[in-house]
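Asker: query-v4.pdb is reproduced in full below (PDB, C-alpha atoms and all ligand atoms).
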```
ATOM      1  CA  MET A   1       0.008  42.746  20.581  1.00  0.00           C
ATOM      2  CA  HIS A   2      -1.743  39.836  18.936  1.00  0.00           C
ATOM      3  CA  ALA A   3      -0.521  36.291  19.441  1.00  0.00           C
ATOM      4  CA  PRO A   4       0.897  34.670  16.304  1.00  0.00           C
ATOM      5  CA  SER A   5      -1.749  32.709  14.401  1.00  0.00           C
ATOM      6  CA  SER A   6      -1.457  29.517  12.430  1.00  0.00           C
ATOM      7  CA  GLY A   7      -2.601  29.537   8.784  1.00  0.00           C
ATOM      8  CA  GLY A   8      -6.067  28.175   9.572  1.00  0.00           C
ATOM      9  CA  ALA A   9      -6.601  30.486  12.530  1.00  0.00           C
ATOM     10  CA  ARG A  10      -5.460  33.466  10.450  1.00  0.00           C
ATOM     11  CA  ARG A  11      -7.919  32.616   7.662  1.00  0.00           C
ATOM     12  CA  ARG A  12     -10.743  32.428  10.211  1.00  0.00           C
ATOM     13  CA  GLU A  13      -9.740  35.806  11.678  1.00  0.00           C
ATOM     14  CA  GLU A  14      -9.631  37.330   8.163  1.00  0.00           C
ATOM     15  CA  ALA A  15     -13.054  35.892   7.357  1.00  0.00           C
ATOM     16  CA  THR A  16     -14.483  37.392  10.537  1.00  0.00           C
ATOM     17  CA  LEU A  17     -12.907  40.778   9.755  1.00  0.00           C
ATOM     18  CA  ALA A  18     -14.404  40.553   6.258  1.00  0.00           C
ATOM     19  CA  GLY A  19     -17.835  40.193   7.846  1.00  0.00           C
ATOM     20  CA  GLU A  20     -18.414  36.559   6.953  1.00  0.00           C
ATOM     21  CA  ALA A  21     -20.590  34.680   9.424  1.00  0.00           C
ATOM     22  CA  PRO A  22     -18.660  32.086  11.450  1.00  0.00           C
ATOM     23  CA  THR A  23     -19.662  28.637  10.355  1.00  0.00           C
ATOM     24  CA  PHE A  24     -19.848  25.323  12.109  1.00  0.00           C
ATOM     25  CA  LYS A  25     -17.079  24.033   9.825  1.00  0.00           C
ATOM     26  CA  SER A  26     -14.768  26.870  10.895  1.00  0.00           C
ATOM     27  CA  ALA A  27     -15.429  25.951  14.515  1.00  0.00           C
ATOM     28  CA  LEU A  28     -14.785  22.283  13.794  1.00  0.00           C
ATOM     29  CA  ASP A  29     -11.509  23.075  11.999  1.00  0.00           C
ATOM     30  CA  GLY A  30     -10.377  25.407  14.767  1.00  0.00           C
ATOM     31  CA  TYR A  31     -11.191  22.881  17.458  1.00  0.00           C
ATOM     32  CA  ALA A  32      -9.207  20.167  15.643  1.00  0.00           C
ATOM     33  CA  GLU A  33      -6.186  22.469  15.285  1.00  0.00           C
ATOM     34  CA  LEU A  34      -6.323  23.425  18.942  1.00  0.00           C
ATOM     35  CA  GLU A  35      -6.687  19.816  20.050  1.00  0.00           C
ATOM     36  CA  SER A  36      -3.689  18.813  17.902  1.00  0.00           C
ATOM     37  CA  GLU A  37      -1.550  21.505  19.501  1.00  0.00           C
ATOM     38  CA  ILE A  38      -2.593  20.462  22.998  1.00  0.00           C
ATOM     39  CA  ARG A  39      -2.005  16.785  22.214  1.00  0.00           C
ATOM     40  CA  THR A  40       1.446  17.569  20.809  1.00  0.00           C
ATOM     41  CA  MET A  41       2.384  19.563  23.886  1.00  0.00           C
ATOM     42  CA  ILE A  42       1.158  16.974  26.399  1.00  0.00           C
ATOM     43  CA  SER A  43       2.767  14.196  24.440  1.00  0.00           C
ATOM     44  CA  GLY A  44       6.070  16.125  24.431  1.00  0.00           C
ATOM     45  CA  LEU A  45       5.865  16.605  28.183  1.00  0.00           C
ATOM     46  CA  PHE A  46       4.728  13.130  29.249  1.00  0.00           C
ATOM     47  CA  GLY A  47       4.801  10.827  26.235  1.00  0.00           C
ATOM     48  CA  GLU A  48       7.836   8.911  27.435  1.00  0.00           C
ATOM     49  CA  VAL A  49       6.437   8.391  30.946  1.00  0.00           C
ATOM     50  CA  CYS A  50       3.048   7.282  29.649  1.00  0.00           C
ATOM     51  CA  ALA A  51       4.625   4.932  27.072  1.00  0.00           C
ATOM     52  CA  LEU A  52       6.311   3.001  29.893  1.00  0.00           C
ATOM     53  CA  CYS A  53       3.285   3.068  32.178  1.00  0.00           C
ATOM     54  CA  THR A  54       1.963  -0.303  33.270  1.00  0.00           C
ATOM     55  CA  SER A  55      -1.253   1.087  34.755  1.00  0.00           C
ATOM     56  CA  SER A  56      -2.727   3.113  31.892  1.00  0.00           C
ATOM     57  CA  CYS A  57      -5.480   5.479  32.950  1.00  0.00           C
ATOM     58  CA  CYS A  58      -7.324   4.889  29.658  1.00  0.00           C
ATOM     59  CA  THR A  59     -10.538   2.908  29.907  1.00  0.00           C
ATOM     60  CA  PRO A  60     -13.093   1.954  27.241  1.00  0.00           C
ATOM     61  CA  ASP A  61     -15.877   3.858  28.990  1.00  0.00           C
ATOM     62  CA  ILE A  62     -13.877   7.088  28.625  1.00  0.00           C
ATOM     63  CA  CYS A  63     -13.168   6.249  24.974  1.00  0.00           C
ATOM     64  CA  GLU A  64     -16.895   5.751  24.415  1.00  0.00           C
ATOM     65  CA  GLU A  65     -17.555   9.431  25.031  1.00  0.00           C
ATOM     66  CA  SER A  66     -15.844  10.121  21.715  1.00  0.00           C
ATOM     67  CA  GLU A  67     -18.347   7.792  20.062  1.00  0.00           C
ATOM     68  CA  TYR A  68     -21.362   9.190  21.893  1.00  0.00           C
ATOM     69  CA  SER A  69     -20.562  12.846  21.163  1.00  0.00           C
ATOM     70  CA  ALA A  70     -21.672  13.927  17.687  1.00  0.00           C
ATOM     71  CA  PHE A  71     -19.204  16.827  17.818  1.00  0.00           C
ATOM     72  CA  LEU A  72     -16.208  14.634  18.650  1.00  0.00           C
ATOM     73  CA  ARG A  73     -17.289  12.191  15.945  1.00  0.00           C
ATOM     74  CA  ALA A  74     -17.426  15.061  13.453  1.00  0.00           C
ATOM     75  CA  VAL A  75     -13.934  16.251  14.481  1.00  0.00           C
ATOM     76  CA  ARG A  76     -12.581  12.742  14.041  1.00  0.00           C
ATOM     77  CA  VAL A  77     -14.209  12.185  10.653  1.00  0.00           C
ATOM     78  CA  ALA A  78     -13.107  15.594   9.299  1.00  0.00           C
ATOM     79  CA  HIS A  79      -9.564  15.695  10.692  1.00  0.00           C
ATOM     80  CA  GLY A  80      -8.598  12.550  12.492  1.00  0.00           C
ATOM     81  CA  LYS A  81      -6.811   9.310  11.975  1.00  0.00           C
ATOM     82  CA  SER A  82      -7.885   6.451  14.129  1.00  0.00           C
ATOM     83  CA  SER A  83      -7.330   2.793  14.757  1.00  0.00           C
ATOM     84  CA  ALA A  84     -10.404   0.567  14.958  1.00  0.00           C
ATOM     85  CA  PHE A  85     -12.520   0.981  18.086  1.00  0.00           C
ATOM     86  CA  CYS A  86     -12.646  -2.253  20.066  1.00  0.00           C
ATOM     87  CA  ASP A  87     -15.018  -3.149  22.900  1.00  0.00           C
ATOM     88  CA  ARG A  88     -12.237  -4.346  25.175  1.00  0.00           C
ATOM     89  CA  PHE A  89      -9.686  -1.528  24.829  1.00  0.00           C
ATOM     90  CA  GLY A  90     -11.635   1.273  23.170  1.00  0.00           C
ATOM     91  CA  TRP A  91      -9.173   3.398  21.153  1.00  0.00           C
ATOM     92  CA  LEU A  92      -6.156   2.204  23.108  1.00  0.00           C
ATOM     93  CA  THR A  93      -3.461   0.404  21.117  1.00  0.00           C
ATOM     94  CA  GLU A  94      -0.013  -0.907  21.998  1.00  0.00           C
ATOM     95  CA  ARG A  95       1.309   2.507  20.829  1.00  0.00           C
ATOM     96  CA  GLY A  96      -1.047   4.504  23.022  1.00  0.00           C
ATOM     97  CA  CYS A  97      -4.252   6.240  21.990  1.00  0.00           C
ATOM     98  CA  GLY A  98      -5.223   5.440  18.414  1.00  0.00           C
ATOM     99  CA  LEU A  99      -7.174   8.693  18.002  1.00  0.00           C
ATOM    100  CA  THR A 100      -5.346  11.774  16.730  1.00  0.00           C
ATOM    101  CA  VAL A 101      -8.244  14.166  17.358  1.00  0.00           C
ATOM    102  CA  GLY A 102     -11.771  13.847  18.700  1.00  0.00           C
ATOM    103  CA  ARG A 103     -10.694  12.444  22.061  1.00  0.00           C
ATOM    104  CA  PRO A 104     -12.903  13.300  25.027  1.00  0.00           C
ATOM    105  CA  PRO A 105     -11.627  16.515  26.687  1.00  0.00           C
ATOM    106  CA  VAL A 106     -11.106  14.599  29.928  1.00  0.00           C
ATOM    107  CA  CYS A 107      -8.263  12.707  28.204  1.00  0.00           C
ATOM    108  CA  TYR A 108      -6.277  15.963  28.250  1.00  0.00           C
ATOM    109  CA  GLY A 109      -7.286  16.944  31.764  1.00  0.00           C
ATOM    110  CA  PHE A 110      -6.203  13.971  33.842  1.00  0.00           C
ATOM    111  CA  PHE A 111      -2.655  13.701  35.199  1.00  0.00           C
ATOM    112  CA  CYS A 112      -1.844  10.882  37.572  1.00  0.00           C
ATOM    113  CA  ASN A 113       0.003  11.271  40.872  1.00  0.00           C
ATOM    114  CA  GLU A 114       3.234  10.018  39.369  1.00  0.00           C
ATOM    115  CA  ILE A 115       3.195  12.954  36.960  1.00  0.00           C
ATOM    116  CA  LEU A 116       1.939  15.508  39.471  1.00  0.00           C
ATOM    117  CA  ASP A 117       4.428  14.420  42.133  1.00  0.00           C
ATOM    118  CA  SER A 118       7.293  14.961  39.690  1.00  0.00           C
ATOM    119  CA  MET A 119       6.432  18.658  39.358  1.00  0.00           C
ATOM    120  CA  GLN A 120       6.817  21.810  41.402  1.00  0.00           C
ATOM    121  CA  GLU A 121       3.604  23.508  42.607  1.00  0.00           C
ATOM    122  CA  ARG A 122       3.952  26.267  40.006  1.00  0.00           C
ATOM    123  CA  GLU A 123       4.199  23.693  37.198  1.00  0.00           C
ATOM    124  CA  ARG A 124       1.155  21.863  38.565  1.00  0.00           C
ATOM    125  CA  ILE A 125      -0.866  25.079  38.348  1.00  0.00           C
ATOM    126  CA  ILE A 126       0.251  25.647  34.748  1.00  0.00           C
ATOM    127  CA  LEU A 127      -0.602  22.040  33.950  1.00  0.00           C
ATOM    128  CA  ARG A 128      -4.102  22.459  35.346  1.00  0.00           C
ATOM    129  CA  VAL A 129      -4.681  25.340  32.918  1.00  0.00           C
ATOM    130  CA  LEU A 130      -3.353  23.254  30.030  1.00  0.00           C
ATOM    131  CA  GLY A 131      -5.565  20.337  31.038  1.00  0.00           C
ATOM    132  CA  ARG A 132      -8.643  22.537  31.246  1.00  0.00           C
ATOM    133  CA  LEU A 133      -8.390  24.241  27.857  1.00  0.00           C
ATOM    134  CA  LEU A 134     -10.462  21.873  25.712  1.00  0.00           C
ATOM    135  CA  SER A 135     -13.078  21.292  28.350  1.00  0.00           C
ATOM    136  CA  TRP A 136     -13.456  25.070  28.810  1.00  0.00           C
ATOM    137  CA  VAL A 137     -13.814  25.610  25.054  1.00  0.00           C
ATOM    138  CA  GLY A 138     -16.811  23.265  24.990  1.00  0.00           C
ATOM    139  CA  GLU A 139     -18.727  24.811  27.894  1.00  0.00           C
ATOM    140  CA  ARG A 140     -22.145  26.361  27.163  1.00  0.00           C
ATOM    141  CA  ALA A 141     -21.967  25.418  23.478  1.00  0.00           C
ATOM    142  CA  ALA A 142     -25.764  25.838  23.423  1.00  0.00           C
ATOM    143  CA  GLY A 143     -27.487  27.119  26.564  1.00  0.00           C
ATOM    144  CA  THR A 144     -25.903  25.247  29.444  1.00  0.00           C
ATOM    145  CA  ARG A 145     -24.920  22.208  27.400  1.00  0.00           C
ATOM    146  CA  HIS A 146     -21.326  21.162  26.842  1.00  0.00           C
ATOM    147  CA  LEU A 147     -20.084  20.203  23.382  1.00  0.00           C
ATOM    148  CA  VAL A 148     -19.750  16.564  24.347  1.00  0.00           C
ATOM    149  CA  GLU A 149     -23.441  16.366  25.322  1.00  0.00           C
ATOM    150  CA  PHE A 150     -24.787  16.524  21.756  1.00  0.00           C
ATOM    151  CA  GLY A 151     -25.465  12.924  20.848  1.00  0.00           C
ATOM    152  CA  ASP A 152     -27.107  12.936  17.432  1.00  0.00           C
ATOM    153  CA  ASP A 153     -25.851  14.673  14.310  1.00  0.00           C
ATOM    154  CA  ALA A 154     -29.020  16.735  13.892  1.00  0.00           C
ATOM    155  CA  SER A 155     -28.449  18.412  17.270  1.00  0.00           C
ATOM    156  CA  LEU A 156     -25.145  19.915  16.063  1.00  0.00           C
ATOM    157  CA  SER A 157     -27.112  22.711  14.377  1.00  0.00           C
ATOM    158  CA  GLU A 158     -27.977  23.990  17.879  1.00  0.00           C
ATOM    159  CA  ILE A 159     -24.320  24.775  18.617  1.00  0.00           C
ATOM    160  CA  ASN A 160     -23.447  28.464  18.743  1.00  0.00           C
ATOM    161  CA  ALA A 161     -20.555  28.555  16.232  1.00  0.00           C
ATOM    162  CA  SER A 162     -19.637  32.200  16.958  1.00  0.00           C
ATOM    163  CA  ARG A 163     -19.293  31.534  20.639  1.00  0.00           C
ATOM    164  CA  LEU A 164     -17.282  28.383  20.009  1.00  0.00           C
ATOM    165  CA  ILE A 165     -14.878  30.157  17.648  1.00  0.00           C
ATOM    166  CA  GLU A 166     -14.405  32.980  20.155  1.00  0.00           C
ATOM    167  CA  ARG A 167     -13.570  30.468  22.887  1.00  0.00           C
ATOM    168  CA  ILE A 168     -11.159  28.600  20.629  1.00  0.00           C
ATOM    169  CA  GLY A 169      -9.335  31.895  20.014  1.00  0.00           C
ATOM    170  CA  VAL A 170      -9.078  32.598  23.752  1.00  0.00           C
ATOM    171  CA  ALA A 171      -7.863  29.047  24.404  1.00  0.00           C
ATOM    172  CA  ARG A 172      -5.173  29.377  21.717  1.00  0.00           C
ATOM    173  CA  THR A 173      -3.910  32.541  23.381  1.00  0.00           C
ATOM    174  CA  ALA A 174      -4.011  30.841  26.786  1.00  0.00           C
ATOM    175  CA  LEU A 175      -2.068  27.917  25.307  1.00  0.00           C
ATOM    176  CA  LEU A 176       0.657  30.323  24.180  1.00  0.00           C
ATOM    177  CA  GLY A 177       0.655  31.665  27.741  1.00  0.00           C
ATOM    178  CA  VAL A 178       1.025  28.139  29.098  1.00  0.00           C
ATOM    179  CA  LYS A 179       3.991  27.538  26.787  1.00  0.00           C
ATOM    180  CA  SER A 180       5.581  30.806  27.900  1.00  0.00           C
ATOM    181  CA  ALA A 181       5.010  29.950  31.543  1.00  0.00           C
ATOM    182  CA  PHE A 182       6.598  26.511  31.164  1.00  0.00           C
ATOM    183  CA  ASN A 183       9.597  28.257  29.580  1.00  0.00           C
ATOM    184  CA  THR A 184       9.609  30.761  32.482  1.00  0.00           C
ATOM    185  CA  GLU A 185       8.982  33.574  30.026  1.00  0.00           C
ATOM    186  CA  ARG A 186       6.739  36.512  30.877  1.00  0.00           C
ATOM    187  CA  LEU A 187       3.152  36.252  29.609  1.00  0.00           C
ATOM    188  CA  SER A 188       1.744  39.089  27.500  1.00  0.00           C
ATOM    189  CA  LEU A 189      -1.271  40.926  28.951  1.00  0.00           C
ATOM    190  CA  GLU A 190      -3.462  39.204  26.357  1.00  0.00           C
ATOM    191  CA  GLN A 191      -2.158  35.815  27.442  1.00  0.00           C
ATOM    192  CA  GLN A 192      -2.715  36.658  31.115  1.00  0.00           C
ATOM    193  CA  ASP A 193      -6.325  37.662  30.367  1.00  0.00           C
ATOM    194  CA  ALA A 194      -6.898  34.467  28.391  1.00  0.00           C
ATOM    195  CA  VAL A 195      -5.463  32.284  31.177  1.00  0.00           C
ATOM    196  CA  ARG A 196      -7.716  34.068  33.703  1.00  0.00           C
ATOM    197  CA  ARG A 197     -10.787  33.388  31.579  1.00  0.00           C
ATOM    198  CA  VAL A 198      -9.978  29.701  31.305  1.00  0.00           C
ATOM    199  CA  SER A 199      -8.996  29.278  34.932  1.00  0.00           C
ATOM    200  CA  PRO A 200      -9.849  32.290  37.120  1.00  0.00           C
ATOM    201  CA  SER A 201      -8.022  30.927  40.173  1.00  0.00           C
ATOM    202  CA  ALA A 202      -4.747  30.135  38.353  1.00  0.00           C
ATOM    203  CA  GLU A 203      -1.882  32.301  39.593  1.00  0.00           C
ATOM    204  CA  PHE A 204       1.615  31.836  38.340  1.00  0.00           C
ATOM    205  CA  ASP A 205       4.380  34.354  37.856  1.00  0.00           C
ATOM    206  CA  ALA A 206       6.521  34.343  34.763  1.00  0.00           C
TER     207      ALA A 206
HETATM  208  S1  LIG A 301      -1.128   9.725  33.002  1.00  0.00           S
HETATM  209 FE1  LIG A 301      -0.123   8.397  34.530  1.00  0.00          FE
HETATM  210  S2  LIG A 301      -1.472   6.593  34.707  1.00  0.00           S
HETATM  211 FE2  LIG A 301      -1.999   7.645  32.790  1.00  0.00          FE
HETATM  212  S3  LIG A 301      -0.760   6.604  31.199  1.00  0.00           S
HETATM  213 FE3  LIG A 301       0.399   8.428  31.908  1.00  0.00          FE
HETATM  214  S4  LIG A 301       1.738   7.680  33.518  1.00  0.00           S
HETATM  215 FE4  LIG A 301       0.148   6.107  33.209  1.00  0.00          FE
HETATM  216  S1  LIG A 302      -6.631   8.954  25.475  1.00  0.00           S
HETATM  217 FE1  LIG A 302      -7.549   7.724  23.805  1.00  0.00          FE
HETATM  218  S2  LIG A 302      -7.417   5.587  24.501  1.00  0.00           S
HETATM  219 FE2  LIG A 302      -7.155   6.917  26.317  1.00  0.00          FE
HETATM  220  S3  LIG A 302      -9.216   7.142  27.207  1.00  0.00           S
HETATM  221 FE3  LIG A 302      -8.866   8.872  25.829  1.00  0.00          FE
HETATM  222  S4  LIG A 302      -9.732   8.227  23.835  1.00  0.00           S
HETATM  223 FE4  LIG A 302      -9.450   6.387  25.085  1.00  0.00          FE
END
```
I'd like the structure from this file rewritten - as structure tokens, please.

Answerer:
Amino acid sequence: MHAPSSGGARRREEATLAGEAPTFKSALDGYAELESEIRTMISGLFGEVCALCTSSCCTPDICEESEYSAFLRAVRVAHGKSSAFCDRFGWLTERGCGLTVGRPPVCYGFFCNEILDSMQERERIILRVLGRLLSWVGERAAGTRHLVEFGDDASLSEINASRLIERIGVARTALLGVKSAFNTERLSLEQQDAVRRVSPSAEFDA
């Protein structure tokens, strides 16, 4: 059984079935949608804790990766809202991160000890899969290079859009599996396969 698709994802699937070549724009749109879903989920889980945190883990040098990476810049320009970047605080504002999309993948993959210590081992394993999704999507975007390693706009043409779109699809299915697992619901076989691709060592029962 196929996982439910959002409107954008469904249009991309229909285009692929119709034989249209996957385009860089489709990959960009799909990445932005996926990032938004991941951001919404993480924010729902930890937004209140992070809002009260006095030792934010955000630093300007992490923020700068979103400026260096031509792909993340393109995601931000096409789909994002952002505050102004400042040398002292990067994208960080008094309301948290000022970037809606185009954040470095590491921003979704780090969870501090306060968060990890508040969870059971099973939840920590699920969280590791969630935190790895965006980083996994960007691996081997061209040869061995990660999406975030393309610095200038001209180099974006080297990105393998078909591969990226395929990975985004797998990550979306894995994200549904993560949501099911957090709700202690059984994962479909497709979701289990997707989770295994993203994180081969992750083992958690429904
Ligand atoms: S992840 Fe931890 S250190 Fe970072 S902002 Fe949230 S509570 Fe603070
Ligand atoms: S979450 Fe936002 S403010 Fe924090 S390090 Fe990442 S880009 Fe910077």

Asker: From the set A:Ser118, A:Ser43, A:Thr184, A:Asn160, which residue has the shortest atom-to-atom contact distance to ligand LIG 302 (chain A), counting all atoms listed in the file?

Answerer: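 Ranked by minimum distance to ligand LIG 302 (chain A), first place goes to A:Ser43.
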
Asker: Take the PyMOL selection byres (((not hetatm)) within 12 of (chain A and resi 302)), apply it to the structure above, and return the hits as a PDB file with C-alpha atoms, in the frame of the given file.

Answerer:
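Everything below was put into part.pdb:
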```pdb
ATOM      1  CA  ARG A  39      -2.005  16.785  22.214  1.00  0.00           C
ATOM      2  CA  ILE A  42       1.158  16.974  26.399  1.00  0.00           C
ATOM      3  CA  SER A  43       2.767  14.196  24.440  1.00  0.00           C
ATOM      4  CA  GLY A  47       4.801  10.827  26.235  1.00  0.00           C
ATOM      5  CA  CYS A  50       3.048   7.282  29.649  1.00  0.00           C
ATOM      6  CA  ALA A  51       4.625   4.932  27.072  1.00  0.00           C
ATOM      7  CA  SER A  55      -1.253   1.087  34.755  1.00  0.00           C
ATOM      8  CA  SER A  56      -2.727   3.113  31.892  1.00  0.00           C
ATOM      9  CA  CYS A  57      -5.480   5.479  32.950  1.00  0.00           C
ATOM     10  CA  CYS A  58      -7.324   4.889  29.658  1.00  0.00           C
ATOM     11  CA  THR A  59     -10.538   2.908  29.907  1.00  0.00           C
ATOM     12  CA  PRO A  60     -13.093   1.954  27.241  1.00  0.00           C
ATOM     13  CA  ASP A  61     -15.877   3.858  28.990  1.00  0.00           C
ATOM     14  CA  ILE A  62     -13.877   7.088  28.625  1.00  0.00           C
ATOM     15  CA  CYS A  63     -13.168   6.249  24.974  1.00  0.00           C
ATOM     16  CA  GLU A  64     -16.895   5.751  24.415  1.00  0.00           C
ATOM     17  CA  GLU A  65     -17.555   9.431  25.031  1.00  0.00           C
ATOM     18  CA  SER A  66     -15.844  10.121  21.715  1.00  0.00           C
ATOM     19  CA  GLU A  67     -18.347   7.792  20.062  1.00  0.00           C
ATOM     20  CA  TYR A  68     -21.362   9.190  21.893  1.00  0.00           C
ATOM     21  CA  LEU A  72     -16.208  14.634  18.650  1.00  0.00           C
ATOM     22  CA  ARG A  73     -17.289  12.191  15.945  1.00  0.00           C
ATOM     23  CA  ARG A  76     -12.581  12.742  14.041  1.00  0.00           C
ATOM     24  CA  LYS A  81      -6.811   9.310  11.975  1.00  0.00           C
ATOM     25  CA  SER A  82      -7.885   6.451  14.129  1.00  0.00           C
ATOM     26  CA  SER A  83      -7.330   2.793  14.757  1.00  0.00           C
ATOM     27  CA  ALA A  84     -10.404   0.567  14.958  1.00  0.00           C
ATOM     28  CA  PHE A  85     -12.520   0.981  18.086  1.00  0.00           C
ATOM     29  CA  CYS A  86     -12.646  -2.253  20.066  1.00  0.00           C
ATOM     30  CA  ASP A  87     -15.018  -3.149  22.900  1.00  0.00           C
ATOM     31  CA  ARG A  88     -12.237  -4.346  25.175  1.00  0.00           C
ATOM     32  CA  PHE A  89      -9.686  -1.528  24.829  1.00  0.00           C
ATOM     33  CA  GLY A  90     -11.635   1.273  23.170  1.00  0.00           C
ATOM     34  CA  TRP A  91      -9.173   3.398  21.153  1.00  0.00           C
ATOM     35  CA  LEU A  92      -6.156   2.204  23.108  1.00  0.00           C
ATOM     36  CA  THR A  93      -3.461   0.404  21.117  1.00  0.00           C
ATOM     37  CA  GLU A  94      -0.013  -0.907  21.998  1.00  0.00           C
ATOM     38  CA  ARG A  95       1.309   2.507  20.829  1.00  0.00           C
ATOM     39  CA  GLY A  96      -1.047   4.504  23.022  1.00  0.00           C
ATOM     40  CA  CYS A  97      -4.252   6.240  21.990  1.00  0.00           C
ATOM     41  CA  GLY A  98      -5.223   5.440  18.414  1.00  0.00           C
ATOM     42  CA  LEU A  99      -7.174   8.693  18.002  1.00  0.00           C
ATOM     43  CA  THR A 100      -5.346  11.774  16.730  1.00  0.00           C
ATOM     44  CA  VAL A 101      -8.244  14.166  17.358  1.00  0.00           C
ATOM     45  CA  GLY A 102     -11.771  13.847  18.700  1.00  0.00           C
ATOM     46  CA  ARG A 103     -10.694  12.444  22.061  1.00  0.00           C
ATOM     47  CA  PRO A 104     -12.903  13.300  25.027  1.00  0.00           C
ATOM     48  CA  PRO A 105     -11.627  16.515  26.687  1.00  0.00           C
ATOM     49  CA  VAL A 106     -11.106  14.599  29.928  1.00  0.00           C
ATOM     50  CA  CYS A 107      -8.263  12.707  28.204  1.00  0.00           C
ATOM     51  CA  TYR A 108      -6.277  15.963  28.250  1.00  0.00           C
ATOM     52  CA  GLY A 109      -7.286  16.944  31.764  1.00  0.00           C
ATOM     53  CA  PHE A 110      -6.203  13.971  33.842  1.00  0.00           C
ATOM     54  CA  PHE A 111      -2.655  13.701  35.199  1.00  0.00           C
TER      55      PHE A 111
END
```

Asker: Which one is closest to ligand LIG 301 (chain A): A:Glu35, A:Glu139, A:Glu48, A:Asp29? Count only C-alpha atoms and all ligand atoms.

Answerer: A:Glu48

Asker: Of the candidates A:Val195, A:Phe182, A:Leu130, A:Cys53, which one gets nearest to Cys112 of chain A if we count only C-alpha atoms?

Answerer: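 Checking each of A:Val195, A:Phe182, A:Leu130, A:Cys53 against Cys112 of chain A, counting only C-alpha atoms, the winner is A:Cys53.
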
Asker: If we count only C-alpha atoms and set the cut-off at 10 Å, which residues sit around Asp193 of chain A, ignoring sequence neighbours fewer than 6 positions away in its own chain? Please answer as a list in words.

Answerer: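 The contact residues come out as Val170, Thr173, Ala174, Gly177, Leu187, Ser199 and Pro200 of chain A.
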
Asker: For Thr40 of chain A, which residue among A:Lys25, A:Ile126, A:Lys179, A:Gln120 is the nearest when counting only C-alpha atoms?

Answerer: A:Lys179

Asker: Pick the closest to ligand LIG 301 (chain A) from A:Ala32, A:Phe46, A:Ile125, A:Asp153: which is it, counting all atoms listed in the file?

Answerer: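 Among A:Ala32, A:Phe46, A:Ile125, A:Asp153, it is A:Phe46 that comes nearest to ligand LIG 301 (chain A).
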
Asker: Box for segment 83-91 of chain A: with edges along x, y and z, all listed atoms inside and 8 Å added on each side, what are the centre and edge lengths in Å to one decimal, as JSON?

Answerer:
```
{"center_x": -11.2, "center_y": -0.5, "center_z": 20.0, "size_x": 23.7, "size_y": 23.7, "size_z": 26.4}
```

Asker: May I ask for the distance between atom S2 of ligand LIG 301 (chain A) and atom CA of Arg128 of chain A, given in Å to one decimal place?

Answerer: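 It comes out at 16.1 Å.
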
Asker: Go through A:Leu156, A:Ala194, A:Leu175, A:Leu147 one by one, measure the shortest atom-to-atom distance of each to Gly131 of chain A using only C-alpha atoms, and give the residue with the smallest value.

Answerer: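 The shortest atom-to-atom distance to Gly131 of chain A comes from A:Leu175.
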
Asker: Taking (-22.6, 28.2, 22.9) in the file's own coordinates, collect the residues within 10 Å, counting all atoms listed in the file, and hand them back as a list of chain:residue names.

Answerer: A:Val137, A:Gly138, A:Glu139, A:Arg140, A:Ala141, A:Ala142, A:Gly143, A:Thr144, A:Arg145, A:His146, A:Leu147, A:Glu158, A:Ile159, A:Asn160, A:Ala161, A:Ser162, A:Arg163, A:Leu164, A:Ile165, A:Glu166, A:Arg167

Asker: Can you write just those residues out, C-alpha atoms, as a PDB file, in the coordinates of the input?

Answerer:
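Here's the written file result_29.pdb:
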```
ATOM      1  CA  VAL A 137     -13.814  25.610  25.054  1.00  0.00           C
ATOM      2  CA  GLY A 138     -16.811  23.265  24.990  1.00  0.00           C
ATOM      3  CA  GLU A 139     -18.727  24.811  27.894  1.00  0.00           C
ATOM      4  CA  ARG A 140     -22.145  26.361  27.163  1.00  0.00           C
ATOM      5  CA  ALA A 141     -21.967  25.418  23.478  1.00  0.00           C
ATOM      6  CA  ALA A 142     -25.764  25.838  23.423  1.00  0.00           C
ATOM      7  CA  GLY A 143     -27.487  27.119  26.564  1.00  0.00           C
ATOM      8  CA  THR A 144     -25.903  25.247  29.444  1.00  0.00           C
ATOM      9  CA  ARG A 145     -24.920  22.208  27.400  1.00  0.00           C
ATOM     10  CA  HIS A 146     -21.326  21.162  26.842  1.00  0.00           C
ATOM     11  CA  LEU A 147     -20.084  20.203  23.382  1.00  0.00           C
ATOM     12  CA  GLU A 158     -27.977  23.990  17.879  1.00  0.00           C
ATOM     13  CA  ILE A 159     -24.320  24.775  18.617  1.00  0.00           C
ATOM     14  CA  ASN A 160     -23.447  28.464  18.743  1.00  0.00           C
ATOM     15  CA  ALA A 161     -20.555  28.555  16.232  1.00  0.00           C
ATOM     16  CA  SER A 162     -19.637  32.200  16.958  1.00  0.00           C
ATOM     17  CA  ARG A 163     -19.293  31.534  20.639  1.00  0.00           C
ATOM     18  CA  LEU A 164     -17.282  28.383  20.009  1.00  0.00           C
ATOM     19  CA  ILE A 165     -14.878  30.157  17.648  1.00  0.00           C
ATOM     20  CA  GLU A 166     -14.405  32.980  20.155  1.00  0.00           C
ATOM     21  CA  ARG A 167     -13.570  30.468  22.887  1.00  0.00           C
TER      22      ARG A 167
END
```

Asker: Using Å and a single decimal, report how far atom CA of Arg122 of chain A sits from atom FE3 of ligand LIG 301 (chain A).

Answerer: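 Between these atoms lies a distance of 19.9 Å.
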
Asker: Please report the interatomic distance between atom CA of Ile115 of chain A and atom CA of Gln191 of chain A in Å with one decimal.

Answerer: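 We find that atom CA of Ile115 of chain A and atom CA of Gln191 of chain A lie 25.3 Å from each other.
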